[in-house]
$ cat my_file.cif   # mmCIF, C-alpha atoms
data_protein
loop_
_atom_site.label_atom_id
_atom_site.label_comp_id
_atom_site.auth_asym_id
_atom_site.auth_seq_id
_atom_site.Cartn_x
_atom_site.Cartn_y
_atom_site.Cartn_z
CA MET A 1 111.42 92.73 123.04
CA THR A 2 111.16 95.13 120.12
CA VAL A 3 113.10 98.35 119.69
CA VAL A 4 111.12 100.94 117.72
CA ILE A 5 112.14 104.19 116.06
CA ALA A 6 108.94 106.12 115.25
CA VAL A 7 109.43 109.03 112.85
CA LEU A 8 107.15 111.20 110.78
CA HIS A 9 109.35 111.00 107.66
CA ALA A 10 111.72 108.19 106.66
CA GLU A 11 114.72 110.52 106.29
CA ASP A 12 114.36 111.51 109.95
CA VAL A 13 116.11 108.27 110.96
CA ALA A 14 119.20 109.45 109.07
CA LEU A 15 118.90 112.98 110.40
CA GLU A 16 118.40 112.24 114.12
CA PHE A 17 118.71 108.54 115.03
CA VAL A 18 121.91 107.08 113.49
CA SER A 19 123.36 106.59 116.99
CA VAL A 20 120.36 104.39 117.85
CA LEU A 21 121.23 102.15 114.90
CA ARG A 22 124.73 101.84 116.34
CA ARG A 23 123.47 101.22 119.88
CA HIS A 24 121.30 98.33 118.74
CA ALA A 25 123.50 96.90 116.01
CA ASP A 26 122.80 93.37 117.29
CA ARG A 27 119.00 93.73 117.45
CA ASP A 28 116.25 94.07 114.88
CA ILE A 29 114.77 97.57 114.86
CA ARG A 30 111.25 98.37 113.70
CA VAL A 31 110.99 101.77 112.03
CA VAL A 32 107.51 103.28 111.99
CA VAL A 33 106.98 106.03 109.38
CA GLY A 34 103.94 108.13 110.21
CA GLN A 35 103.59 109.97 106.91
CA SER A 36 103.26 106.77 104.87
CA ALA A 37 101.45 104.82 107.64
CA SER A 38 103.98 102.02 107.25
CA TRP A 39 106.74 100.21 109.08
CA VAL A 40 109.84 98.27 108.12
CA THR A 41 112.22 96.04 110.06
CA LEU A 42 115.94 96.82 109.94
CA PRO A 43 117.65 93.45 110.59
CA ALA A 44 120.42 93.03 113.11
CA GLY A 45 123.94 92.55 111.77
CA LEU A 46 123.74 95.15 109.00
CA SER A 47 125.84 98.28 109.06
CA PRO A 48 124.09 101.64 109.71
CA GLY A 49 124.45 102.52 106.03
CA GLU A 50 122.92 99.21 104.93
CA ARG A 51 120.04 99.68 107.33
CA LEU A 52 119.34 103.20 106.08
CA GLU A 53 119.22 101.91 102.50
CA LEU A 54 116.15 99.86 103.45
CA LEU A 55 114.38 103.15 104.26
CA ALA A 56 115.19 104.85 100.96
CA PRO A 57 111.99 103.69 99.17
CA LEU A 58 109.93 105.37 101.91
CA VAL A 59 111.44 108.85 101.46
CA GLU A 60 108.75 111.17 100.02
CA PRO A 61 109.55 114.87 99.58
CA GLY A 62 105.80 115.66 99.41
CA GLY A 63 102.92 114.65 101.65
CA ASN A 64 103.33 117.62 103.95
CA THR A 65 99.61 118.11 104.50
CA ALA A 66 98.61 114.45 104.89
CA PRO A 67 96.47 113.76 107.96
CA LEU A 68 98.54 112.78 110.98
CA PRO A 69 97.82 109.44 112.65
CA VAL A 70 95.92 109.09 115.91
CA PRO A 71 97.27 107.17 118.94
CA GLU A 72 95.24 104.03 118.14
CA GLU A 73 96.84 103.80 114.69
CA VAL A 74 100.33 104.29 116.08
CA ALA A 75 99.69 101.63 118.75
CA GLY A 76 99.01 99.10 116.00
CA TRP A 77 102.22 99.99 114.18
CA LEU A 78 104.32 99.68 117.34
CA GLY A 79 103.58 95.96 117.47
CA GLY A 80 102.54 95.63 121.10
CA SER A 81 104.52 97.08 124.01
CA PRO A 82 108.08 97.65 122.75
CA ALA A 83 111.07 97.56 125.08
CA GLU A 84 112.22 100.94 123.76
CA VAL A 85 110.61 103.63 121.63
CA TRP A 86 112.55 106.54 120.14
CA THR A 87 110.70 109.41 118.49
CA HIS A 88 110.48 113.17 117.90
CA SER A 89 110.35 115.70 120.69
CA PRO A 90 106.83 116.96 121.47
CA ALA A 91 108.52 120.38 121.68
CA ASP A 92 110.04 120.24 118.18
CA HIS A 93 109.50 123.59 116.46
CA ARG A 94 108.41 121.66 113.35
CA ILE A 95 104.86 121.30 114.59
CA ARG A 96 103.90 118.17 112.64
CA ARG A 97 106.87 116.29 114.07
CA ALA A 98 106.02 117.62 117.53
CA ARG A 99 102.46 116.38 117.21
CA PHE A 100 103.64 112.99 115.95
CA GLY A 101 106.01 112.62 118.92
CA TRP A 102 103.19 113.62 121.27
CA THR A 103 100.90 111.07 119.60
CA VAL A 104 103.49 108.33 120.07
CA SER A 105 103.70 109.20 123.78
CA ARG A 106 99.95 108.52 124.10
CA ALA A 107 99.79 105.38 121.95
CA VAL A 108 100.28 102.77 124.69
CA PRO A 109 99.66 103.44 128.41
CA GLY A 110 102.88 103.34 130.40
CA LEU A 111 105.04 103.36 127.27
CA SER A 112 108.71 104.22 127.88
CA VAL A 113 109.70 106.82 125.29
CA THR A 114 113.01 108.53 124.53
CA TYR A 115 112.81 111.72 122.48
CA SER A 116 115.25 113.32 120.09
CA VAL A 117 115.85 116.94 121.08
CA GLY A 118 115.15 117.88 117.47
CA ASP A 119 114.83 121.44 116.25
CA ASN A 120 113.64 124.40 118.32
CA PRO A 121 115.37 127.80 118.26
CA PHE A 122 113.17 129.11 121.10
CA LEU A 123 113.50 126.34 123.68
CA GLN A 124 116.48 124.34 124.93
CA THR A 125 115.74 120.83 126.15
CA VAL A 126 118.25 119.45 128.64
CA PRO A 127 119.45 116.16 127.13
CA GLY A 128 119.87 113.00 129.14
CA GLU A 129 122.30 111.77 126.51
CA ALA A 130 124.45 113.51 123.91
CA ILE A 131 126.07 111.02 121.54
CA ALA A 132 128.84 112.15 119.21
CA LEU A 133 128.95 110.41 115.85
CA THR A 134 132.13 109.28 114.21
CA GLY A 135 133.28 110.86 110.98
CA ALA A 136 132.17 107.73 109.13
CA GLU A 137 128.68 107.97 110.65
CA ALA A 138 128.42 111.65 109.70
CA ASP A 139 129.37 110.66 106.15
CA ILE A 140 126.54 108.09 106.18
CA LYS A 141 124.04 110.83 107.03
CA ILE A 142 125.35 113.15 104.34
CA ASP A 143 125.41 110.43 101.70
CA PHE A 144 121.87 109.26 102.46
CA ILE A 145 120.41 112.76 102.26
CA ASN A 146 122.29 113.66 99.07
CA ARG A 147 121.26 110.48 97.26
CA HIS A 148 117.72 109.92 98.55
CA ALA A 149 116.43 113.24 99.93
CA GLY A 150 118.27 115.85 97.89
CA GLU A 151 115.02 117.65 97.05
CA LEU A 152 114.66 118.49 100.72
CA LEU A 153 117.87 120.56 100.61
CA ARG A 154 115.87 123.14 98.67
CA SER A 155 112.38 122.45 99.97
CA ARG A 156 110.05 125.45 100.14
CA VAL A 157 108.27 123.84 103.10
CA ALA A 158 110.04 125.15 106.20
CA ASP A 159 109.42 122.02 108.26
CA ARG A 160 110.93 119.75 105.59
CA LEU A 161 113.90 121.88 104.58
CA VAL A 162 117.16 120.13 105.46
CA THR A 163 119.62 122.72 106.75
CA THR A 164 123.09 122.16 108.20
CA ASP A 165 121.91 122.44 111.81
CA ARG A 166 119.26 119.78 111.14
CA VAL A 167 121.99 117.24 110.34
CA PRO A 168 123.63 117.07 113.78
CA VAL A 169 126.91 115.32 114.42
CA VAL A 170 125.94 115.09 118.10
CA GLU A 171 122.56 113.42 118.55
CA ARG A 172 120.81 114.46 121.77
CA PHE A 173 118.00 112.64 123.56
CA PHE A 174 115.88 113.02 126.67
CA ALA A 175 113.28 111.01 128.54
CA ALA A 176 109.93 112.41 129.67
CA ASP A 177 106.81 110.95 131.18
CA ALA A 178 103.39 111.38 129.56
CA ALA A 179 102.51 114.44 131.64
CA GLN A 180 105.77 116.19 130.71
CA ALA A 181 105.26 115.31 127.05
CA ASN A 182 101.80 116.88 127.27
CA ARG A 183 103.21 120.07 128.75
CA LEU A 184 105.96 120.36 126.15
CA TYR A 185 103.53 119.83 123.30
CA ALA A 186 101.04 122.33 124.73
CA LEU A 187 103.80 124.91 125.01
CA ILE A 188 104.94 124.52 121.40
CA SER A 189 101.27 124.65 120.30
CA SER A 190 100.67 127.92 122.15
CA LEU A 191 99.06 129.67 119.17
CA GLY A 192 96.59 126.86 118.48
CA ASP A 193 93.79 124.97 120.18
CA ASP A 194 96.17 122.22 121.32
CA ALA A 195 97.68 124.64 123.84
CA ALA A 196 94.92 123.49 126.20
CA VAL A 197 95.90 119.79 126.18
CA ALA A 198 97.93 120.43 129.35
CA ASP A 199 96.95 122.21 132.52
CA ASP A 200 98.64 125.65 132.74
CA PRO A 201 101.02 125.18 129.76
CA TRP A 202 102.74 128.55 130.30
CA GLU A 203 103.21 127.75 134.00
CA PHE A 204 101.45 130.92 135.15
CA GLY A 205 100.82 129.23 138.48
CA ARG A 206 104.38 127.89 138.95
CA SER A 207 106.74 130.43 137.43
CA ALA A 208 108.40 133.16 139.50
CA TYR A 209 108.62 135.29 136.35
CA GLU A 210 104.93 134.86 135.56
CA ALA A 211 103.90 135.57 139.17
CA ALA A 212 105.87 138.83 139.14
CA ARG A 213 104.46 139.79 135.73
CA LEU A 214 100.88 139.08 136.79
CA ASP A 215 101.30 140.94 140.10
CA ALA A 216 102.68 143.95 138.22
CA THR A 217 99.82 143.76 135.71
CA ALA A 218 97.19 143.66 138.47
CA ALA A 219 98.79 146.68 140.18
CA TRP A 220 98.87 148.52 136.83
CA VAL A 221 95.16 147.85 136.28
CA ALA A 222 94.44 149.18 139.78
CA ARG A 223 96.17 152.49 138.97
CA TRP A 224 93.89 153.03 135.98
CA CYS A 225 90.58 151.54 137.15
CA ALA A 226 88.97 151.36 140.56
CA PRO A 227 86.49 148.57 141.34
CA GLU A 228 83.69 151.11 141.63
CA ASP A 229 84.37 152.41 138.09
CA GLY A 230 82.36 149.51 136.65
CA PRO A 231 83.02 146.13 135.07
CA ILE A 232 86.26 145.21 133.35
CA VAL A 233 86.42 142.86 130.36
CA GLU A 234 89.46 140.57 130.29
CA VAL A 235 89.83 139.21 126.76
CA GLY A 236 91.55 135.83 126.48
CA ALA A 237 91.59 135.15 130.22
CA CYS A 238 93.07 131.67 129.73
CA GLU A 239 92.84 129.78 133.05
CA GLY A 240 92.28 132.85 135.20
CA GLU A 241 95.54 133.73 136.97
CA LEU A 242 95.07 137.47 136.37
CA THR A 243 91.30 137.13 136.79
CA ARG A 244 91.70 135.76 140.30
CA ARG A 245 94.04 138.55 141.30
CA LEU A 246 91.61 141.20 140.12
CA ALA A 247 88.51 139.52 141.55
CA GLY A 248 90.32 139.22 144.87
CA ASN A 249 90.75 142.99 144.79
CA GLY A 250 87.02 143.56 144.42
CA TYR A 251 86.61 144.04 140.65
CA THR A 252 83.57 142.97 138.66
CA LEU A 253 84.94 141.06 135.69
CA GLN A 254 83.73 139.65 132.43
CA ALA A 255 86.38 137.05 131.58
CA THR A 256 86.21 135.83 127.99
CA GLU A 257 88.05 132.76 126.68
CA PRO A 258 87.29 131.19 123.26
CA ASN A 259 89.33 128.01 123.88
CA ALA A 260 86.90 125.48 125.38
CA GLY A 261 89.57 123.67 127.38
CA PHE A 262 90.93 126.81 128.97
CA ARG A 263 87.43 128.15 129.54
CA ALA A 264 86.34 125.02 131.43
CA ARG A 265 89.35 125.27 133.75
CA LEU A 266 88.81 129.03 134.13
CA ALA A 267 85.23 128.47 135.29
CA GLU A 268 86.22 125.59 137.56
CA ARG A 269 89.03 127.49 139.25
CA LEU A 270 86.84 130.49 139.81
CA GLY A 271 84.24 128.25 141.40
CA ALA A 272 81.63 128.59 138.67
CA GLY A 273 78.79 126.12 139.01
CA PRO A 274 76.18 125.33 136.37
CA ALA A 275 73.78 128.26 136.05
CA SER A 276 70.21 127.02 135.93
CA GLY A 277 68.63 130.28 134.88
CA PRO A 278 68.34 133.99 135.62
CA GLY A 279 69.08 134.90 139.18
CA THR A 280 71.15 131.80 139.99
CA ALA A 281 74.89 131.41 140.09
CA GLY A 282 77.59 129.19 141.45
CA ARG A 283 79.33 130.70 144.44
CA ALA A 284 83.09 130.88 144.62
CA GLY A 285 84.49 129.76 147.94
CA ALA A 286 87.97 130.33 149.29
CA ARG A 287 90.52 127.78 148.16
CA GLY A 288 93.49 126.38 150.00
CA GLY A 289 97.10 126.63 148.90
CA ALA A 290 98.91 129.43 147.16
CA ASP A 291 95.96 130.58 145.10
CA PRO A 292 96.34 134.32 144.34
CA GLY A 293 93.22 136.27 145.10
CA ALA A 294 91.27 133.20 146.25
CA ALA A 295 90.25 134.67 149.59
CA GLY A 296 88.78 137.69 147.83
CA LEU A 297 86.63 135.40 145.69
CA ALA A 298 84.73 134.09 148.69
CA GLY A 299 81.15 135.19 148.26
CA ALA A 300 81.70 136.43 144.72
CA GLY A 301 79.02 135.54 142.19
CA VAL A 302 80.50 133.56 139.31
CA VAL A 303 78.43 132.59 136.28
CA THR A 304 79.17 131.08 132.92
CA ALA A 305 77.73 132.48 129.72
CA GLU A 306 77.47 130.65 126.42
CA ARG A 307 76.60 131.84 122.94
CA SER A 308 73.09 130.94 121.86
CA GLY A 309 71.79 131.26 118.35
CA PRO A 310 73.57 132.37 115.20
CA GLY A 311 73.04 136.08 115.62
CA GLY A 312 73.69 136.93 119.22
CA VAL A 313 75.05 136.15 122.61
CA GLY A 314 72.98 134.45 125.27
CA VAL A 315 74.15 135.71 128.65
CA VAL A 316 73.15 134.09 131.93
CA THR A 317 72.60 136.84 134.48
CA ALA A 318 72.95 136.50 138.22
CA GLU A 319 72.15 138.43 141.33
CA ARG A 320 75.43 139.27 143.01
CA SER A 321 76.01 140.20 146.61
CA GLY A 322 79.53 141.35 145.87
CA PRO A 323 82.11 141.55 143.09
CA GLY A 324 81.44 138.95 140.41
CA VAL A 325 83.09 137.14 137.54
CA GLU A 326 81.22 136.13 134.40
CA VAL A 327 82.89 133.66 132.06
CA SER A 328 82.02 133.64 128.36
CA PRO A 329 83.39 132.18 125.11
CA ASP A 330 83.59 135.53 123.28
CA SER A 331 86.59 136.26 121.10
CA LEU A 332 87.87 139.74 120.35
CA GLU A 333 85.97 139.56 117.08
CA ASP A 334 82.73 138.65 118.90
CA LEU A 335 83.12 141.47 121.39
CA ALA A 336 83.70 144.03 118.65
CA ALA A 337 80.82 142.75 116.50
CA HIS A 338 78.15 142.57 119.21
CA ARG A 339 79.24 145.50 121.42
CA SER A 340 77.20 143.91 124.22
CA ARG A 341 79.75 144.30 127.00
CA PRO A 342 80.34 147.98 127.84
CA ALA A 343 83.12 148.31 130.38
CA ALA A 344 85.31 150.75 132.24
CA ALA A 345 88.27 149.09 130.52
CA TYR A 346 89.15 146.22 128.24
CA LEU A 347 92.26 144.20 129.12
CA LEU A 348 94.17 142.74 126.17
CA ILE A 349 96.95 141.13 128.18
CA GLU A 350 99.43 138.98 126.25
CA MET A 351 96.76 137.98 123.73
CA LEU A 352 97.39 140.00 120.56
CA TYR A 353 99.71 137.34 119.13
CA TYR A 354 97.16 135.85 116.72
CA ASP A 355 97.20 138.41 113.89
CA GLN A 356 93.90 139.92 114.99
CA ASP A 357 92.67 142.93 113.03
CA LEU A 358 93.62 145.84 115.28
CA ALA A 359 90.82 147.96 113.78
CA LEU A 360 88.49 145.81 115.91
CA LEU A 361 89.61 147.81 118.94
CA ASP A 362 87.69 150.83 117.63
CA ALA A 363 84.40 148.93 118.03
CA LEU A 364 84.94 147.84 121.63
CA PRO A 365 82.40 149.60 123.92
CA THR A 366 84.96 151.28 126.16
CA ASP A 367 87.07 154.40 126.30
CA ARG A 368 90.09 152.65 127.83
CA ILE A 369 92.16 149.66 126.67
CA LEU A 370 95.17 148.19 128.47
CA ILE A 371 97.48 146.20 126.18
CA ALA A 372 100.43 144.10 127.32
CA LEU A 373 102.82 142.41 124.87
CA GLU A 374 106.47 141.66 124.39
CA THR A 375 108.56 144.45 122.86
CA GLY A 376 108.95 142.88 119.41
CA GLN A 377 105.20 142.58 118.88
CA LEU A 378 104.65 146.12 120.09
CA ASN A 379 107.27 147.46 117.69
CA ASP A 380 106.22 145.35 114.71
CA ARG A 381 102.42 145.54 114.99
CA ILE A 382 101.03 147.90 117.59
CA TRP A 383 103.12 151.03 117.11
CA PRO A 384 102.75 151.11 113.28
CA TRP A 385 98.97 150.76 113.69
CA LEU A 386 98.82 153.49 116.33
CA ARG A 387 100.67 155.91 114.08
CA GLN A 388 98.15 155.40 111.28
CA GLN A 389 94.94 155.89 113.30
CA SER A 390 93.32 158.75 115.18
CA THR A 391 90.80 157.00 117.47
CA TRP A 392 93.21 156.22 120.31
CA ARG A 393 95.97 158.06 122.08
CA VAL A 394 98.69 156.50 124.24
CA ALA A 395 98.16 157.60 127.83
CA GLU A 396 100.95 155.49 129.35
CA ARG A 397 103.68 153.07 128.42
CA LEU A 398 105.69 151.05 130.92
CA GLU A 399 107.63 147.85 131.49
CA LEU A 400 105.70 145.25 133.46
CA ALA A 401 108.35 142.54 133.42
CA PRO A 402 111.88 142.42 131.98
CA PRO A 403 113.03 139.47 129.85
CA THR A 404 114.55 136.52 131.67
CA LEU A 405 115.75 132.97 131.14
CA GLU A 406 113.69 130.43 133.06
CA SER A 407 113.57 126.67 133.47
CA ILE A 408 110.27 124.99 132.66
CA CYS A 409 108.66 121.56 132.86
CA ASP A 410 110.39 120.49 136.07
CA GLY A 411 113.80 121.54 134.74
CA LEU A 412 113.44 119.50 131.55
CA ALA A 413 113.95 122.59 129.40
CA TYR A 414 114.53 126.32 129.57
CA LEU A 415 113.63 129.30 127.44
CA ARG A 416 113.75 133.05 127.21
CA LYS A 417 110.68 134.74 128.60
CA ARG A 418 110.45 137.79 126.37
CA GLY A 419 109.25 140.31 128.91
CA SER A 420 106.05 142.33 128.94
CA ARG A 421 105.42 145.99 128.23
CA GLY A 422 102.14 147.79 128.81
CA LEU A 423 100.29 150.48 126.86
CA VAL A 424 97.21 152.35 128.06
CA LEU A 425 95.04 153.59 125.22
CA THR A 426 92.26 156.13 125.75
CA ARG A 427 89.89 157.41 123.09
CA SER A 428 91.04 160.69 121.62
CA GLY A 429 89.33 163.54 123.42
CA GLU A 430 88.90 161.54 126.62
CA ALA A 431 90.68 162.62 129.78
CA GLY A 432 91.88 159.05 130.50
#
$ encode --input "my_file.cif" --output "structure tokens"
Amino acid sequence: MTVVIAVLHAEDVALEFVSVLRRHADRDIRVVVGQSASWVTLPAGLSPGERLELLAPLVEPGGNTAPLPVPEEVAGWLGGSPAEVWTHSPADHRIRRARFGWTVSRAVPGLSVTYSVGDNPFLQTVPGEAIALTGAEADIKIDFINRHAGELLRSRVADRLVTTDRVPVVERFFAADAAQANRLYALISSLGDDAAVADDPWEFGRSAYEAARLDATAAWVARWCAPEDGPIVEVGACEGELTRRLAGNGYTLQATEPNAGFRARLAERLGAGPASGPGTAGRAGARGGADPGAAGLAGAGVVTAERSGPGGVGVVTAERSGPGVEVSPDSLEDLAAHRSRPAAAYLLIEMLYYDQDLALLDALPTDRILIALETGQLNDRIWPWLRQQSTWRVAERLELAPPTLESICDGLAYLRKRGSRGLVLTRSGEAG
């Protein structure tokens, strides 16, 4: 059966897969090149250098914005169900390669895929194999890049730039099933819509670090707002781990989440049923298992709200017998523009990573904002903005969770969780 190396760019075979050419010296290898939507067979019996020469015509320094293939296209290029497929890590920091590797993993059901560890300064993947090249094989890499991809040594496109560390003399690989590939890709896509392709990509429901951070955040909120103070707006609630903790403590919450995938899971996990009109709502029942705050959600009114019409927000209202949670698609920009959700406090918890305009905070209909971010973001963005404005004063600063190293994805990788620090902002002149 066929052995396939599926890469986004032809030079990637030289950069990351020379040891695979050695491993299968006696077998034909099909190389699929995603950027050019093409494939070529490297015949058995040729040396690694001779095989790489067959790829030289496919090296293209440009094409960095070409549309990426979909799984159905890749399935056709694979030529059926190959015995082995080697491709890019779905956690590669070079996001187009990560997406291509993720696409390959979904091309054929049940496909066995081995991934190159690739390039990611923020996440370490534990390799199943680490194969040291010989000096001659390292020379083959260097020669191929110098002669056929020299322009990439000075590329102004970060993902294409060939640096020393991207020409490894030890090639590392790991195996992952489709679910793990999904989780790795969702994690590396955390600032985009693809973050929702996997359930709980940041492992809020599985991580000891995240559980401690969320518990500390819920306790912090409780020190500044009592349930009877009025509703709280949680902006960017994701899948509702903090929401459930707060609802379980009796708070009335408006949980907003622009990402449709996250919002659907948020509503489902809070027990939101389809709202048929004013005065009706799904009821949240207690769940089994280790579900923080679930018991407190029993009897809580949970409704979903969707935007209706170009100029406003259509909100489904509900009669509530106790604390309630309303789920809506509003972004920070929507909330500031429409000012339709007055609240005792707005929670901006680990969500100001998207270059939002911080001046939007002035328009939020509240006198109290709780912000949580990692220290670098606070120092680089929040503190300079605070020093230049006069609307808000800092009423409290504290550490919610210290940085830590933590394994993720069933031990397949580990990373540094950057910690979380909190700021309470109150409008100038308010008592806080």
$ residues_near_point --input "my_file.cif" --point "(99.6, 124.3, 124.4)" --cutoff "7 Å" --atoms "only C-alpha atoms" --output "VMD selection string"
chain A and resid 185 to 190 194 to 198 201
$ atom_distance --input "my_file.cif" --atom1 "CA of Ala343 in chain A" --atom2 "CA of Cys238 in chain A"
19.4 Å
$ residues_around --input "my_file.cif" --residues "range 127-139 of chain A" --least-positions-apart "2" --cutoff "9 Å" --atoms "only C-alpha atoms" --output "list in words"
Val18, Ser19, Pro48, Gly49, Ser116, Val117, Gln124, Thr125, Lys141, Ile142, Asp143, Phe144, Val167, Pro168, Val169, Val170, Glu171, Arg172, Phe173, Phe174, Ala175, Leu412 and Ala413 of chain A
$ residues_around --input "my_file.cif" --residues "Leu423 in chain A" --least-positions-apart "3" --cutoff "7 Å" --atoms "all atoms listed in the file" --output "count of residues only"
7
$ closest_residue --input "my_file.cif" --among "A:Leu400, A:Glu257, A:Leu8, A:Ala107" --to "Met351 in chain A" --atoms "all atoms listed in the file"
A:Glu257
$ resolve_selection --input "my_file.cif" --expression "the PyMOL selection byres ((chain A and resi 52-68) around 10)" --output "JSON, numbers by chain"
{"A": [8, 9, 10, 11, 12, 13, 14, 18, 21, 31, 33, 34, 35, 36, 37, 38, 39, 40, 41, 42, 43, 46, 47, 48, 49, 50, 51, 69, 70, 71, 73, 96, 97, 99, 100, 103, 140, 141, 144, 145, 147, 148, 149, 150, 151, 152, 155, 157, 159, 160, 161]}
